[in-house]
Amino acid sequence: MTDNEFMNLAEALLLSVEQHCDRINESTDVDIDNQRVGGMVTLVFANRSQIVINLQKPLHEVWLATRSGGYHYRHNGQAWMDTKGPGDFWVQLGQDASAQAGMPLSFSS
């Protein structure tokens with residue numbers, strides 16, 4: 001994968017995360033403040049907990065930091081998959097956002 005291909009896929013991922021947060025804010029009582037600075041999106045929940053998603057361009061990875069831990073994802077041609085196991089980015093984000101929001105939230109590709 002070239003740097004440009006990575007950036008196109010990674011930027012689309014960050015935009016999708018932001019759009020999911022907007023949808024959740026409009027359709028539920030959950031308030032997720034999403035802040036974007038360059039290649040990093042920070043989700044801040046009502047309880048002040050955070051989820052940070054940032055791009056690691058030299059590695060062609062997207063890193064996800066949540067209360068449950070830190071995860072590294074690479075695009076396999078179809079999806080963003082955990083570099084250390086079979087985990088999918090969207091599944092992990094949904095699980096951790098739900099835990100940090102205190103209610104089930106839906107994130108998907």
# chains A, B, ... in the order shown; residues from 1 in each chain; ligands from 1

call {"tool": "select_by_dssp", "arguments": {"residues": "segment 24-95 of chain A", "states": "strand (DSSP E or B)", "output": "CSV table (one decimal) with N, CA and C atoms, in the first residue's frame"}}
result
chain,number,residue,atom,x,y,z
A,33,ASP,N,-18.6,14.1,22.4
A,33,ASP,CA,-17.9,15.3,21.8
A,33,ASP,C,-16.7,14.8,21.0
A,34,ASN,N,-16.8,14.9,19.7
A,34,ASN,CA,-15.7,14.5,18.9
A,34,ASN,C,-14.9,15.7,18.4
A,35,GLN,N,-13.6,15.6,18.7
A,35,GLN,CA,-12.7,16.7,18.3
A,35,GLN,C,-11.6,16.1,17.4
A,36,ARG,N,-11.4,16.8,16.3
A,36,ARG,CA,-10.4,16.4,15.3
A,36,ARG,C,-9.3,17.4,15.2
A,37,VAL,N,-8.1,16.9,15.3
A,37,VAL,CA,-6.9,17.7,15.1
A,37,VAL,C,-6.0,16.9,14.2
A,40,MET,N,-5.9,13.0,14.1
A,40,MET,CA,-6.3,12.4,15.4
A,40,MET,C,-7.7,12.9,15.7
A,41,VAL,N,-8.6,11.9,16.1
A,41,VAL,CA,-9.9,12.2,16.6
A,41,VAL,C,-10.0,11.8,18.0
A,42,THR,N,-10.5,12.7,18.9
A,42,THR,CA,-10.7,12.3,20.3
A,42,THR,C,-12.2,12.4,20.6
A,43,LEU,N,-12.7,11.3,21.1
A,43,LEU,CA,-14.1,11.2,21.5
A,43,LEU,C,-14.1,11.4,23.1
A,44,VAL,N,-14.9,12.3,23.5
A,44,VAL,CA,-15.0,12.6,24.9
A,44,VAL,C,-16.5,12.3,25.3
A,50,GLN,N,-12.3,9.1,27.6
A,50,GLN,CA,-11.9,9.5,26.2
A,50,GLN,C,-11.6,8.2,25.4
A,51,ILE,N,-11.8,8.3,24.1
A,51,ILE,CA,-11.2,7.4,23.2
A,51,ILE,C,-10.5,8.2,22.2
A,52,VAL,N,-9.2,7.8,21.9
A,52,VAL,CA,-8.4,8.5,20.9
A,52,VAL,C,-8.1,7.6,19.8
A,53,ILE,N,-8.3,8.1,18.6
A,53,ILE,CA,-8.0,7.4,17.3
A,53,ILE,C,-7.0,8.3,16.6
A,54,ASN,N,-5.8,7.7,16.3
A,54,ASN,CA,-4.8,8.5,15.5
A,54,ASN,C,-4.1,7.7,14.5
A,55,LEU,N,-3.7,8.4,13.4
A,55,LEU,CA,-3.0,7.8,12.3
A,55,LEU,C,-1.5,7.7,12.5
A,56,GLN,N,-1.0,6.6,12.2
A,56,GLN,CA,0.5,6.4,12.2
A,56,GLN,C,0.9,6.1,10.8
A,61,GLU,N,-0.7,2.4,9.9
A,61,GLU,CA,-1.6,1.9,10.9
A,61,GLU,C,-2.5,3.0,11.5
A,62,VAL,N,-3.6,2.6,12.1
A,62,VAL,CA,-4.5,3.4,12.8
A,62,VAL,C,-4.5,2.9,14.3
A,63,TRP,N,-4.2,3.8,15.2
A,63,TRP,CA,-4.2,3.4,16.6
A,63,TRP,C,-5.4,3.8,17.3
A,64,LEU,N,-5.9,2.9,18.2
A,64,LEU,CA,-7.1,3.2,19.0
A,64,LEU,C,-6.7,3.0,20.5
A,65,ALA,N,-7.0,4.1,21.2
A,65,ALA,CA,-6.7,4.1,22.7
A,65,ALA,C,-8.0,4.2,23.4
A,66,THR,N,-8.3,3.3,24.3
A,66,THR,CA,-9.5,3.3,25.0
A,66,THR,C,-9.2,2.9,26.5
A,69,GLY,N,-7.7,-0.6,26.6
A,69,GLY,CA,-6.3,-0.8,26.2
A,69,GLY,C,-6.0,0.0,24.9
A,70,GLY,N,-4.9,-0.4,24.3
A,70,GLY,CA,-4.4,0.3,23.1
A,70,GLY,C,-4.4,-0.8,22.0
A,71,TYR,N,-4.8,-0.4,20.8
A,71,TYR,CA,-4.9,-1.3,19.6
A,71,TYR,C,-4.3,-0.7,18.4
A,72,HIS,N,-3.7,-1.5,17.6
A,72,HIS,CA,-3.2,-1.1,16.3
A,72,HIS,C,-3.9,-1.8,15.2
A,73,TYR,N,-4.2,-1.1,14.1
A,73,TYR,CA,-5.0,-1.7,13.0
A,73,TYR,C,-4.3,-1.3,11.7
A,74,ARG,N,-4.3,-2.3,10.8
A,74,ARG,CA,-3.9,-2.2,9.4
A,74,ARG,C,-5.0,-2.6,8.5
A,75,HIS,N,-5.1,-1.9,7.4
A,75,HIS,CA,-6.1,-2.3,6.4
A,75,HIS,C,-5.6,-3.5,5.6
A,80,TRP,N,-10.2,-2.7,8.5
A,80,TRP,CA,-9.1,-2.4,9.4
A,80,TRP,C,-9.1,-3.5,10.5
A,81,MET,N,-8.0,-4.3,10.5
A,81,MET,CA,-7.9,-5.4,11.4
A,81,MET,C,-6.7,-5.2,12.4
A,82,ASP,N,-6.9,-5.7,13.6
A,82,ASP,CA,-5.9,-5.7,14.6
A,82,ASP,C,-4.6,-6.4,14.2
A,88,ASP,N,-11.6,-6.5,14.6
A,88,ASP,CA,-12.0,-5.5,13.7
A,88,ASP,C,-12.1,-4.2,14.4

call {"tool": "residues_around", "arguments": {"residues": "segment 21-32 of chain A", "least_positions_apart": "2", "cutoff": "8 Å", "atoms": "only C-alpha atoms", "output": "PyMOL selection string"}}
result
chain A and resi 17-19+34+43-46+101+105
